[in-house]
$ cat target-v2.txt   # compact mmCIF, C-alpha atoms
# COMPACT_ATOMS: atom_id res chain seq x y z
CA MET U 136 -17.36 -8.69 -7.64
CA ALA U 137 -14.01 -7.23 -8.69
CA ALA U 138 -12.82 -8.23 -12.14
CA SER U 139 -10.23 -10.94 -11.81
CA ASN U 140 -8.37 -13.51 -13.83
CA THR U 141 -8.77 -16.00 -11.03
CA PRO U 142 -11.17 -18.64 -12.32
CA SER U 143 -14.22 -18.94 -10.14
CA ARG U 144 -15.18 -22.27 -8.62
CA ASP U 145 -18.35 -22.13 -10.74
CA ARG U 146 -16.42 -21.69 -13.96
CA ILE U 147 -14.28 -24.72 -13.20
CA VAL U 148 -17.38 -26.78 -12.40
CA ALA U 149 -19.18 -25.68 -15.58
CA GLY U 150 -16.07 -26.40 -17.64
CA ALA U 151 -15.77 -29.87 -16.10
CA ALA U 152 -19.42 -30.62 -16.89
CA ASP U 153 -18.81 -29.62 -20.50
CA LEU U 154 -15.63 -31.67 -20.95
CA ILE U 155 -17.10 -34.75 -19.22
CA SER U 156 -20.06 -34.59 -21.60
CA ARG U 157 -17.65 -34.51 -24.55
CA ARG U 158 -15.07 -37.12 -23.60
CA GLY U 159 -16.46 -39.19 -20.78
CA LEU U 160 -15.24 -39.16 -17.21
CA ASN U 161 -12.86 -42.12 -17.20
CA ALA U 162 -10.79 -40.72 -20.05
CA THR U 163 -10.47 -37.24 -18.56
CA SER U 164 -7.86 -36.23 -15.98
CA ILE U 165 -8.25 -33.43 -13.46
CA ARG U 166 -5.41 -31.69 -15.33
CA GLU U 167 -7.47 -31.74 -18.54
CA LEU U 168 -10.57 -30.56 -16.66
CA ALA U 169 -8.59 -27.62 -15.26
CA LYS U 170 -7.11 -26.80 -18.67
CA HIS U 171 -10.53 -26.91 -20.34
CA ALA U 172 -11.80 -24.35 -17.79
CA LYS U 173 -8.61 -22.27 -18.32
CA ALA U 174 -7.87 -22.70 -14.64
CA PRO U 175 -4.48 -23.41 -13.09
CA LEU U 176 -4.22 -26.91 -11.66
CA GLY U 177 -3.39 -25.30 -8.29
CA SER U 178 -6.69 -23.39 -8.10
CA THR U 179 -8.52 -26.50 -9.18
CA TYR U 180 -7.01 -28.56 -6.37
CA HIS U 181 -7.61 -25.64 -4.00
CA TYR U 182 -11.34 -25.79 -4.71
CA PHE U 183 -11.50 -29.58 -5.07
CA PRO U 184 -8.91 -31.04 -2.68
CA GLU U 185 -10.33 -34.54 -3.10
CA GLY U 186 -9.51 -34.45 -6.80
CA LYS U 187 -11.28 -35.57 -9.93
CA GLN U 188 -14.23 -37.44 -8.36
CA GLN U 189 -15.11 -34.42 -6.24
CA LEU U 190 -14.99 -32.10 -9.24
CA ALA U 191 -16.96 -34.59 -11.40
CA THR U 192 -19.63 -34.91 -8.72
CA GLU U 193 -19.97 -31.12 -8.53
CA ALA U 194 -20.11 -31.01 -12.33
CA VAL U 195 -23.01 -33.47 -12.39
CA ARG U 196 -24.79 -31.50 -9.64
CA HIS U 197 -24.21 -28.30 -11.59
CA ALA U 198 -25.87 -29.79 -14.69
CA SER U 199 -28.61 -31.19 -12.51
CA THR U 200 -29.51 -27.92 -10.79
CA THR U 201 -29.20 -25.88 -14.00
CA VAL U 202 -31.69 -28.14 -15.77
CA SER U 203 -33.96 -28.33 -12.72
CA ARG U 204 -34.07 -24.54 -12.45
CA ILE U 205 -35.06 -24.17 -16.12
CA LEU U 206 -37.63 -26.97 -15.80
CA ARG U 207 -39.13 -25.45 -12.66
CA GLU U 208 -39.48 -22.03 -14.32
CA GLU U 209 -40.96 -23.32 -17.56
CA LEU U 210 -43.26 -25.91 -16.00
CA ASP U 211 -45.11 -22.98 -14.40
CA ALA U 212 -46.74 -22.60 -17.82
CA GLY U 213 -47.59 -26.34 -17.95
CA PRO U 214 -46.03 -29.66 -18.98
CA VAL U 215 -45.80 -28.85 -22.69
CA ALA U 216 -43.83 -25.67 -21.98
CA GLY U 217 -41.57 -27.68 -19.65
CA LEU U 218 -41.02 -30.36 -22.27
CA ARG U 219 -40.18 -27.77 -24.92
CA ALA U 220 -37.70 -26.03 -22.64
CA PHE U 221 -36.04 -29.34 -21.73
CA LEU U 222 -35.66 -30.28 -25.39
CA ALA U 223 -34.53 -26.78 -26.44
CA LEU U 224 -31.87 -26.76 -23.75
CA TRP U 225 -30.25 -29.98 -25.00
CA ARG U 226 -30.73 -29.01 -28.63
CA GLY U 227 -28.69 -25.88 -27.90
CA VAL U 228 -25.92 -27.82 -26.15
CA VAL U 229 -25.56 -30.26 -29.04
CA LEU U 230 -25.77 -27.66 -31.81
CA ARG U 231 -23.52 -25.06 -30.19
CA SER U 232 -20.82 -27.69 -29.74
CA ASP U 233 -21.20 -29.01 -33.29
CA TYR U 234 -22.37 -32.39 -31.90
CA ARG U 235 -19.37 -32.68 -29.58
CA ALA U 236 -21.04 -32.03 -26.24
CA GLY U 237 -24.08 -33.67 -24.68
CA CYS U 238 -25.34 -34.48 -21.22
CA PRO U 239 -22.73 -34.90 -18.45
CA VAL U 240 -25.29 -36.77 -16.33
CA LEU U 241 -25.63 -39.44 -19.01
CA ALA U 242 -21.84 -39.48 -19.50
CA VAL U 243 -21.10 -40.52 -15.93
CA SER U 244 -24.05 -42.95 -15.91
CA VAL U 245 -22.67 -45.12 -18.70
CA GLU U 246 -19.14 -45.56 -17.33
CA GLU U 247 -18.05 -47.95 -14.67
CA PRO U 248 -15.30 -46.44 -12.54
CA LEU U 249 -11.87 -47.87 -13.36
CA THR U 250 -11.27 -48.69 -9.70
CA ASP U 251 -13.53 -50.95 -7.70
CA ASP U 252 -14.22 -48.69 -4.73
CA GLY U 253 -17.98 -49.03 -4.70
CA LEU U 254 -20.38 -46.57 -6.29
CA PRO U 255 -18.66 -43.25 -6.93
CA PRO U 256 -20.39 -40.05 -5.72
CA SER U 257 -20.66 -38.81 -9.31
CA LEU U 258 -22.89 -41.78 -10.14
CA LEU U 259 -25.08 -41.13 -7.11
CA ALA U 260 -25.33 -37.49 -8.20
CA ALA U 261 -26.40 -38.66 -11.67
CA ALA U 262 -29.15 -40.85 -10.20
CA GLU U 263 -30.36 -37.85 -8.15
CA ALA U 264 -30.35 -35.65 -11.25
CA PHE U 265 -32.56 -38.07 -13.20
CA ASP U 266 -34.84 -38.39 -10.16
CA ASP U 267 -35.16 -34.63 -9.72
CA TRP U 268 -35.98 -33.96 -13.37
CA GLN U 269 -38.47 -36.84 -13.43
CA ARG U 270 -40.16 -35.60 -10.26
CA LEU U 271 -40.52 -32.06 -11.60
CA LEU U 272 -42.13 -33.32 -14.82
CA ALA U 273 -44.34 -35.84 -13.01
CA ASP U 274 -45.51 -33.24 -10.47
CA SER U 275 -46.46 -30.90 -13.28
CA LEU U 276 -48.49 -33.67 -14.95
CA ARG U 277 -50.21 -34.60 -11.69
CA ASP U 278 -51.08 -30.92 -11.20
CA ARG U 279 -52.98 -31.17 -14.49
CA GLY U 280 -54.95 -34.12 -13.21
CA VAL U 281 -52.89 -36.91 -14.76
CA ASP U 282 -53.02 -40.19 -12.84
CA PRO U 283 -49.87 -40.48 -10.65
CA ASP U 284 -48.58 -43.73 -12.24
CA ARG U 285 -49.12 -42.40 -15.73
CA ALA U 286 -47.46 -39.10 -14.77
CA GLU U 287 -44.39 -40.97 -13.50
CA GLY U 288 -44.22 -43.09 -16.65
CA VAL U 289 -44.57 -40.17 -19.04
CA ALA U 290 -41.95 -38.18 -17.09
CA ALA U 291 -39.52 -41.12 -17.31
CA LEU U 292 -40.25 -41.46 -21.05
CA ILE U 293 -39.47 -37.78 -21.62
CA ILE U 294 -36.12 -37.93 -19.84
CA ALA U 295 -35.06 -41.30 -21.26
CA SER U 296 -35.97 -40.47 -24.85
CA THR U 297 -34.36 -37.03 -24.72
CA GLU U 298 -31.13 -38.50 -23.30
CA GLY U 299 -31.10 -41.28 -25.90
CA ALA U 300 -31.88 -38.89 -28.74
CA ILE U 301 -28.97 -36.64 -27.77
CA ALA U 302 -26.65 -39.65 -28.21
CA MET U 303 -28.27 -40.57 -31.54
CA CYS U 304 -27.88 -36.98 -32.80
CA ARG U 305 -24.22 -36.96 -31.83
CA ALA U 306 -23.59 -40.26 -33.63
CA LYS U 307 -25.40 -39.10 -36.76
CA ARG U 308 -24.21 -35.47 -36.69
CA ASP U 309 -27.83 -34.59 -37.36
CA MET U 310 -30.65 -33.26 -35.16
CA THR U 311 -33.36 -35.45 -36.72
CA PRO U 312 -33.57 -37.98 -33.86
CA LEU U 313 -34.26 -35.25 -31.27
CA ASP U 314 -36.78 -33.59 -33.61
CA LEU U 315 -38.62 -36.88 -34.16
CA VAL U 316 -38.65 -37.60 -30.44
CA ALA U 317 -39.89 -34.07 -29.68
CA GLN U 318 -42.82 -34.54 -32.03
CA GLN U 319 -43.76 -37.90 -30.51
CA LEU U 320 -43.47 -36.58 -26.95
CA GLU U 321 -45.74 -33.63 -27.76
CA GLY U 322 -48.25 -36.16 -29.05
CA VAL U 323 -47.98 -38.19 -25.85
CA LEU U 324 -48.50 -35.07 -23.72
CA GLU U 325 -51.49 -34.02 -25.80
CA GLY U 326 -52.95 -37.43 -25.13
CA VAL U 327 -52.54 -37.19 -21.35
CA VAL U 328 -53.23 -33.53 -20.62
CA GLY U 329 -55.23 -32.53 -23.67
CA GLU U 330 -53.13 -29.41 -24.28
CA MET C 18 -14.69 -76.79 -34.95
CA ALA C 19 -11.81 -78.33 -33.02
CA ALA C 20 -11.56 -77.30 -29.39
CA SER C 21 -8.86 -74.69 -29.05
CA ASN C 22 -7.54 -72.14 -26.63
CA THR C 23 -6.95 -69.71 -29.45
CA PRO C 24 -9.49 -66.94 -29.01
CA SER C 25 -11.67 -66.53 -32.04
CA ARG C 26 -11.97 -63.18 -33.77
CA ASP C 27 -15.65 -63.15 -32.78
CA ARG C 28 -14.86 -63.67 -29.12
CA ILE C 29 -12.47 -60.72 -29.13
CA VAL C 30 -15.06 -58.54 -30.85
CA ALA C 31 -17.82 -59.54 -28.43
CA GLY C 32 -15.50 -58.95 -25.47
CA ALA C 33 -14.58 -55.51 -26.81
CA ALA C 34 -18.26 -54.59 -27.21
CA ASP C 35 -18.87 -55.58 -23.60
CA LEU C 36 -15.91 -53.67 -22.16
CA ILE C 37 -16.62 -50.54 -24.23
CA SER C 38 -20.19 -50.56 -22.92
CA ARG C 39 -18.84 -50.71 -19.36
CA ARG C 40 -15.99 -48.22 -19.42
CA GLY C 41 -16.33 -46.12 -22.52
CA LEU C 42 -14.04 -46.22 -25.51
CA ASN C 43 -11.65 -43.36 -24.76
CA ALA C 44 -10.65 -44.84 -21.40
CA THR C 45 -10.03 -48.34 -22.73
CA SER C 46 -6.78 -49.46 -24.35
CA ILE C 47 -6.45 -52.28 -26.89
CA ARG C 48 -4.44 -54.11 -24.24
CA GLU C 49 -7.43 -53.96 -21.85
CA LEU C 50 -9.81 -55.02 -24.61
CA ALA C 51 -7.61 -58.06 -25.33
CA LYS C 52 -7.32 -58.91 -21.64
CA HIS C 53 -11.09 -58.65 -21.14
CA ALA C 54 -11.59 -61.17 -23.98
CA LYS C 55 -8.83 -63.38 -22.48
CA ALA C 56 -6.93 -63.01 -25.75
CA PRO C 57 -3.20 -62.43 -26.12
CA LEU C 58 -2.35 -58.96 -27.39
CA GLY C 59 -0.57 -60.64 -30.32
CA SER C 60 -3.72 -62.41 -31.55
CA THR C 61 -5.67 -59.21 -31.09
CA TYR C 62 -3.25 -57.23 -33.27
CA HIS C 63 -3.19 -60.13 -35.72
CA TYR C 64 -6.95 -59.83 -36.23
CA PHE C 65 -7.04 -56.03 -35.92
CA PRO C 66 -3.78 -54.71 -37.36
CA GLU C 67 -5.10 -51.13 -37.39
CA GLY C 68 -5.51 -51.24 -33.62
CA LYS C 69 -8.13 -50.02 -31.21
CA GLN C 70 -10.34 -48.04 -33.60
CA GLN C 71 -10.64 -51.04 -35.91
CA LEU C 72 -11.57 -53.34 -33.05
CA ALA C 73 -14.00 -50.77 -31.62
CA THR C 74 -15.68 -50.35 -34.99
CA GLU C 75 -16.10 -54.12 -35.31
CA ALA C 76 -17.45 -54.20 -31.75
CA VAL C 77 -20.11 -51.62 -32.59
CA ARG C 78 -21.00 -53.51 -35.78
CA HIS C 79 -21.21 -56.74 -33.78
CA ALA C 80 -23.71 -55.15 -31.35
CA SER C 81 -25.56 -53.64 -34.27
CA THR C 82 -26.00 -56.88 -36.21
CA THR C 83 -26.82 -58.92 -33.09
CA VAL C 84 -29.63 -56.53 -32.19
CA SER C 85 -30.82 -56.26 -35.81
CA ARG C 86 -31.00 -60.05 -36.11
CA ILE C 87 -33.12 -60.36 -32.97
CA LEU C 88 -35.33 -57.44 -34.05
CA ARG C 89 -35.82 -58.93 -37.52
CA GLU C 90 -36.81 -62.31 -36.07
CA GLU C 91 -39.20 -60.94 -33.47
CA LEU C 92 -40.77 -58.27 -35.66
CA ASP C 93 -42.15 -61.11 -37.78
CA ALA C 94 -44.79 -61.40 -35.08
CA GLY C 95 -45.47 -57.65 -35.19
CA PRO C 96 -44.19 -54.38 -33.70
CA VAL C 97 -45.19 -55.18 -30.11
CA ALA C 98 -43.21 -58.44 -30.17
CA GLY C 99 -40.25 -56.55 -31.66
CA LEU C 100 -40.45 -53.87 -28.98
CA ARG C 101 -40.61 -56.47 -26.21
CA ALA C 102 -37.61 -58.35 -27.59
CA PHE C 103 -35.60 -55.11 -27.91
CA LEU C 104 -36.37 -54.17 -24.31
CA ALA C 105 -35.78 -57.69 -22.98
CA LEU C 106 -32.41 -57.85 -24.69
CA TRP C 107 -31.13 -54.70 -22.96
CA ARG C 108 -32.78 -55.62 -19.69
CA GLY C 109 -30.75 -58.84 -19.76
CA VAL C 110 -27.48 -57.04 -20.52
CA VAL C 111 -27.95 -54.60 -17.64
CA LEU C 112 -29.16 -57.16 -15.10
CA ARG C 113 -26.61 -59.88 -15.94
CA SER C 114 -23.80 -57.36 -15.50
CA ASP C 115 -25.23 -56.00 -12.24
CA TYR C 116 -25.76 -52.58 -13.90
CA ARG C 117 -22.16 -52.43 -15.13
CA ALA C 118 -22.71 -53.04 -18.84
CA GLY C 119 -25.02 -51.30 -21.28
CA CYS C 120 -25.08 -50.45 -24.95
CA PRO C 121 -21.72 -50.17 -26.76
CA VAL C 122 -23.39 -48.20 -29.56
CA LEU C 123 -24.44 -45.50 -27.12
CA ALA C 124 -21.02 -45.62 -25.43
CA VAL C 125 -19.13 -44.62 -28.58
CA SER C 126 -21.82 -42.07 -29.51
CA VAL C 127 -21.30 -39.93 -26.43
CA GLU C 128 -17.51 -39.67 -26.59
CA GLU C 129 -15.52 -37.35 -28.75
CA PRO C 130 -12.30 -38.99 -29.92
CA LEU C 131 -9.25 -37.70 -28.04
CA THR C 132 -7.48 -36.93 -31.31
CA ASP C 133 -8.89 -34.59 -33.92
CA ASP C 134 -8.70 -36.84 -36.97
CA GLY C 135 -12.26 -36.33 -38.19
CA LEU C 136 -15.13 -38.67 -37.46
CA PRO C 137 -13.84 -42.07 -36.32
CA PRO C 138 -15.23 -45.18 -38.05
CA SER C 139 -16.68 -46.41 -34.73
CA LEU C 140 -18.94 -43.33 -34.63
CA LEU C 141 -20.06 -43.90 -38.21
CA ALA C 142 -20.82 -47.51 -37.27
CA ALA C 143 -22.88 -46.28 -34.31
CA ALA C 144 -24.91 -43.99 -36.56
CA GLU C 145 -25.55 -46.94 -38.90
CA ALA C 146 -26.62 -49.13 -35.99
CA PHE C 147 -29.22 -46.60 -34.82
CA ASP C 148 -30.40 -46.19 -38.44
CA ASP C 149 -30.73 -49.94 -38.98
CA TRP C 150 -32.70 -50.55 -35.79
CA GLN C 151 -34.95 -47.58 -36.49
CA ARG C 152 -35.59 -48.75 -40.05
CA LEU C 153 -36.52 -52.27 -38.91
CA LEU C 154 -39.00 -50.92 -36.37
CA ALA C 155 -40.41 -48.32 -38.76
CA ASP C 156 -40.83 -50.88 -41.57
CA SER C 157 -42.73 -53.17 -39.24
CA LEU C 158 -45.06 -50.30 -38.26
CA ARG C 159 -45.61 -49.33 -41.90
CA ASP C 160 -46.42 -52.95 -42.67
CA ARG C 161 -49.27 -52.60 -40.16
CA GLY C 162 -50.60 -49.59 -42.00
CA VAL C 163 -49.04 -46.88 -39.85
CA ASP C 164 -48.40 -43.60 -41.66
CA PRO C 165 -44.70 -43.47 -42.72
CA ASP C 166 -43.85 -40.28 -40.80
CA ARG C 167 -45.53 -41.55 -37.67
CA ALA C 168 -43.78 -44.92 -38.08
CA GLU C 169 -40.38 -43.20 -38.27
CA GLY C 170 -41.15 -41.06 -35.23
CA VAL C 171 -42.37 -43.95 -33.09
CA ALA C 172 -39.35 -46.06 -34.11
CA ALA C 173 -36.99 -43.22 -33.12
CA LEU C 174 -38.85 -42.82 -29.82
CA ILE C 175 -38.45 -46.54 -29.05
CA ILE C 176 -34.71 -46.54 -29.65
CA ALA C 177 -34.01 -43.21 -27.95
CA SER C 178 -36.05 -43.98 -24.85
CA THR C 179 -34.61 -47.48 -24.47
CA GLU C 180 -31.06 -46.16 -24.78
CA GLY C 181 -31.73 -43.37 -22.30
CA ALA C 182 -33.49 -45.70 -19.87
CA ILE C 183 -30.50 -48.08 -19.88
CA ALA C 184 -28.32 -45.17 -18.71
CA MET C 185 -30.87 -44.16 -16.06
CA CYS C 186 -31.07 -47.76 -14.77
CA ARG C 187 -27.28 -47.94 -14.51
CA ALA C 188 -27.11 -44.65 -12.58
CA LYS C 189 -29.87 -45.72 -10.19
CA ARG C 190 -28.88 -49.41 -9.92
CA ASP C 191 -32.57 -50.10 -10.44
CA MET C 192 -34.60 -51.33 -13.43
CA THR C 193 -37.55 -49.01 -12.80
CA PRO C 194 -36.75 -46.49 -15.57
CA LEU C 195 -36.70 -49.21 -18.25
CA ASP C 196 -39.89 -50.75 -16.86
CA LEU C 197 -41.67 -47.39 -16.90
CA VAL C 198 -40.49 -46.68 -20.43
CA ALA C 199 -41.57 -50.16 -21.57
CA GLN C 200 -45.09 -49.55 -20.27
CA GLN C 201 -45.34 -46.17 -21.99
CA LEU C 202 -43.98 -47.52 -25.27
CA GLU C 203 -46.50 -50.37 -25.26
CA GLY C 204 -49.19 -47.72 -24.80
CA VAL C 205 -47.84 -45.72 -27.72
CA LEU C 206 -47.79 -48.84 -29.95
CA GLU C 207 -51.33 -49.75 -28.93
CA GLY C 208 -52.36 -46.28 -30.02
CA VAL C 209 -50.78 -46.56 -33.44
CA VAL C 210 -51.34 -50.21 -34.41
CA GLY C 211 -54.27 -51.07 -32.15
CA GLU C 212 -52.61 -54.27 -30.93

$ encode --input "target-v2.txt" --output "structure tokens"
Amino acid sequence: MAASNTPSRDRIVAGAADLISRRGLNATSIRELAKHAKAPLGSTYHYFPEGKQQLATEAVRHASTTVSRILREELDAGPVAGLRAFLALWRGVVLRSDYRAGCPVLAVSVEEPLTDDGLPPSLLAAAEAFDDWQRLLADSLRDRGVDPDRAEGVAALIIASTEGAIAMCRAKRDMTPLDLVAQQLEGVLEGVVGE
Amino acid sequence: MAASNTPSRDRIVAGAADLISRRGLNATSIRELAKHAKAPLGSTYHYFPEGKQQLATEAVRHASTTVSRILREELDAGPVAGLRAFLALWRGVVLRSDYRAGCPVLAVSVEEPLTDDGLPPSLLAAAEAFDDWQRLLADSLRDRGVDPDRAEGVAALIIASTEGAIAMCRAKRDMTPLDLVAQQLEGVLEGVVGE
């Protein structure tokens, strides 16, 4: 690709995911999302003619597929490797941002839309993200002979506790909650797959 | 107390905690917080002269002490009873609100303030809430002879996974994530206290 100052669609989406994870969706305008990605408002509306909800939905999908890709790669080496990669990924996000950024999928999940137009597409995308990550982890556990119900439960526990720990770390400005959760989750995995 | 239409300070605080858990803090004005509690803006400013951050901080402390009180009562009967009460409490909040409300402590934890005035008191209150709940659960585990480090880790896992599962349930409009997490956490507790 030729070098260009025109912001790519991807850069705007990644920037939106980052800002939504910092400030929440309701409080963030499309103008602020564009500014955060150093993109002119015009280009942003060019790529996302339906406005903020369209961009937010793409931002959630971007986070979803990025995490799924990493999970898929690392789970090749087994559930423990997948767990470690999942935790390391979020650890990096929180630390690099000095506790200011977190998970955009969680961010849109804990905010009712300000208008009552039914479930927004960003929320549906968040539900799909959690489902995808859970399925990848559960499949990897089943591949190691873990009972399907137990695999589903452990996968849900991994995602839920990581998401919650990210919020606790941000509140405390301290990585201890994620470290404690990581240790407990490794213990749980040892118990179910004997790794 | 005499019947009165004057909203009590407590009712405004409880209403603020509810609305913050639904919409996030950044997106919610003090006017909306007052309206949600059916309180005149004048009474709201009378009780909270410093404005929205003061009310939000009280709202987080209100959620914190409500949950701590329930935990303290139920943990008398042991860690499993405490866990069940903690889960049942959040299950009720999510179901009664038709997946629209959640945890106000998490809500303020995942939002950077829009102004850069250092850490807001509501975030410090959120960190204290997580600490208090974790300490109550960890103390109860230690009382049953669980190793202190393990007790701290399991307590952190309980809080993190419950908080994360609430968000997953809200995204999916389905209680399955919290139910799966509950089952796994009971298993973890059985392993450590043999209940």

$ interface_residues --input "target-v2.txt" --of "chain U" --to "chain C" --cutoff "8 Å" --atoms "all atoms listed in the file" --output "MDAnalysis selection string"
chainID U and resid 156:159 161:162 235:237 241:242 244:249 258:259 261:262 265 287:289 291:300 302:303 305:307 312 315:316 318:319 323

$ atom_distance --input "target-v2.txt" --atom1 "atom CA of Pro256 of chain U" --atom2 "atom CA of Thr192 of chain U"
6.0 Å

$ closest_residue --input "target-v2.txt" --among "C:Ala168, C:Lys52, C:Leu154, C:Asp149" --to "Thr82 of chain C" --atoms "only C-alpha atoms"
C:Asp149

$ residues_around --input "target-v2.txt" --residues "Ala80 of chain C" --least-positions-apart "3" --cutoff "8 Å" --atoms "only C-alpha atoms" --output "JSON, numbers by chain"
{"C": [31, 34, 76, 77, 83, 84, 121, 122]}

$ residues_near_point --input "target-v2.txt" --point "(-17.5, -28.2, -14.3)" --cutoff "8 Å" --atoms "all atoms listed in the file" --output "VMD selection string"
chain U and resid 145 to 154 168 172 190 to 191 193 to 195 197

$ axis_aligned_box --input "target-v2.txt" --around "segment 189-206 of chain U" --padding-each-side "4 Å" --output "AutoDock Vina command-line options"
--center_x -26.3 --center_y -29.5 --center_z -11.2 --size_x 30.6 --size_y 18.7 --size_z 17.9

$ atom_distance --input "target-v2.txt" --atom1 "atom CA of Arg161 of chain C" --atom2 "atom CA of Val110 of chain C"
29.7 Å

$ atom_distance --input "target-v2.txt" --atom1 "atom CA of Ile165 of chain U" --atom2 "atom CA of Val111 of chain C"
29.2 Å

$ residues_around --input "target-v2.txt" --residues "His63 of chain C" --least-positions-apart "6" --cutoff "12 Å" --atoms "only C-alpha atoms" --output "PyMOL selection string"
chain C and resi 24-26+29+51+56-57+71-72

$ write_last_selection --input "target-v2.txt" --atoms "C-alpha atoms" --output "tab-separated table (two decimals), in the frame of the given file"
chain	number	residue	atom	x	y	z
C	24	PRO	CA	-9.49	-66.94	-29.01
C	25	SER	CA	-11.67	-66.53	-32.04
C	26	ARG	CA	-11.97	-63.18	-33.77
C	29	ILE	CA	-12.47	-60.72	-29.13
C	51	ALA	CA	-7.61	-58.06	-25.33
C	56	ALA	CA	-6.93	-63.01	-25.75
C	57	PRO	CA	-3.20	-62.43	-26.12
C	71	GLN	CA	-10.64	-51.04	-35.91
C	72	LEU	CA	-11.57	-53.34	-33.05

$ decode --input "target-v2.txt" --residues "segment 137-180 of chain U" --atoms "C-alpha atoms" --output "mmCIF file, in the first residue's frame"
data_model
loop_
_atom_site.group_PDB
_atom_site.id
_atom_site.type_symbol
_atom_site.label_atom_id
_atom_site.label_comp_id
_atom_site.auth_asym_id
_atom_site.auth_seq_id
_atom_site.Cartn_x
_atom_site.Cartn_y
_atom_site.Cartn_z
ATOM 1 C CA ALA U 137 1.185 3.534 -0.727
ATOM 2 C CA ALA U 138 2.084 5.605 2.317
ATOM 3 C CA SER U 139 -0.761 7.948 3.090
ATOM 4 C CA ASN U 140 -2.056 10.235 5.778
ATOM 5 C CA THR U 141 -5.559 9.034 5.103
ATOM 6 C CA PRO U 142 -6.586 7.030 8.157
ATOM 7 C CA SER U 143 -7.509 3.497 7.258
ATOM 8 C CA ARG U 144 -10.890 2.090 8.197
ATOM 9 C CA ASP U 145 -9.054 -0.378 10.445
ATOM 10 C CA ARG U 146 -7.243 2.362 12.315
ATOM 11 C CA ILE U 147 -10.509 4.154 13.028
ATOM 12 C CA VAL U 148 -12.082 0.914 14.248
ATOM 13 C CA ALA U 149 -9.115 0.061 16.485
ATOM 14 C CA GLY U 150 -9.101 3.604 17.877
ATOM 15 C CA ALA U 151 -12.828 3.405 18.608
ATOM 16 C CA ALA U 152 -12.366 0.095 20.440
ATOM 17 C CA ASP U 153 -9.662 1.678 22.570
ATOM 18 C CA LEU U 154 -11.633 4.820 23.441
ATOM 19 C CA ILE U 155 -14.843 2.877 24.175
ATOM 20 C CA SER U 156 -12.877 0.679 26.579
ATOM 21 C CA ARG U 157 -11.604 3.803 28.345
ATOM 22 C CA ARG U 158 -14.702 5.970 28.576
ATOM 23 C CA GLY U 159 -17.705 3.824 27.853
ATOM 24 C CA LEU U 160 -19.873 4.029 24.768
ATOM 25 C CA ASN U 161 -22.700 6.255 25.981
ATOM 26 C CA ALA U 162 -20.343 9.053 26.968
ATOM 27 C CA THR U 163 -18.385 9.025 23.709
ATOM 28 C CA SER U 164 -19.449 10.848 20.545
ATOM 29 C CA ILE U 165 -18.493 9.849 17.020
ATOM 30 C CA ARG U 166 -16.539 13.124 16.886
ATOM 31 C CA GLU U 167 -14.444 12.012 19.869
ATOM 32 C CA LEU U 168 -13.982 8.545 18.362
ATOM 33 C CA ALA U 169 -12.716 10.129 15.134
ATOM 34 C CA LYS U 170 -10.413 12.500 17.030
ATOM 35 C CA HIS U 171 -8.978 9.659 19.126
ATOM 36 C CA ALA U 172 -8.091 7.790 15.904
ATOM 37 C CA LYS U 173 -6.659 11.050 14.445
ATOM 38 C CA ALA U 174 -9.178 10.748 11.639
ATOM 39 C CA PRO U 175 -11.201 13.575 10.117
ATOM 40 C CA LEU U 176 -14.893 13.366 10.968
ATOM 41 C CA GLY U 177 -15.591 13.283 7.217
ATOM 42 C CA SER U 178 -13.569 10.086 6.646
ATOM 43 C CA THR U 179 -15.179 8.565 9.687
ATOM 44 C CA TYR U 180 -18.682 9.204 8.353
#
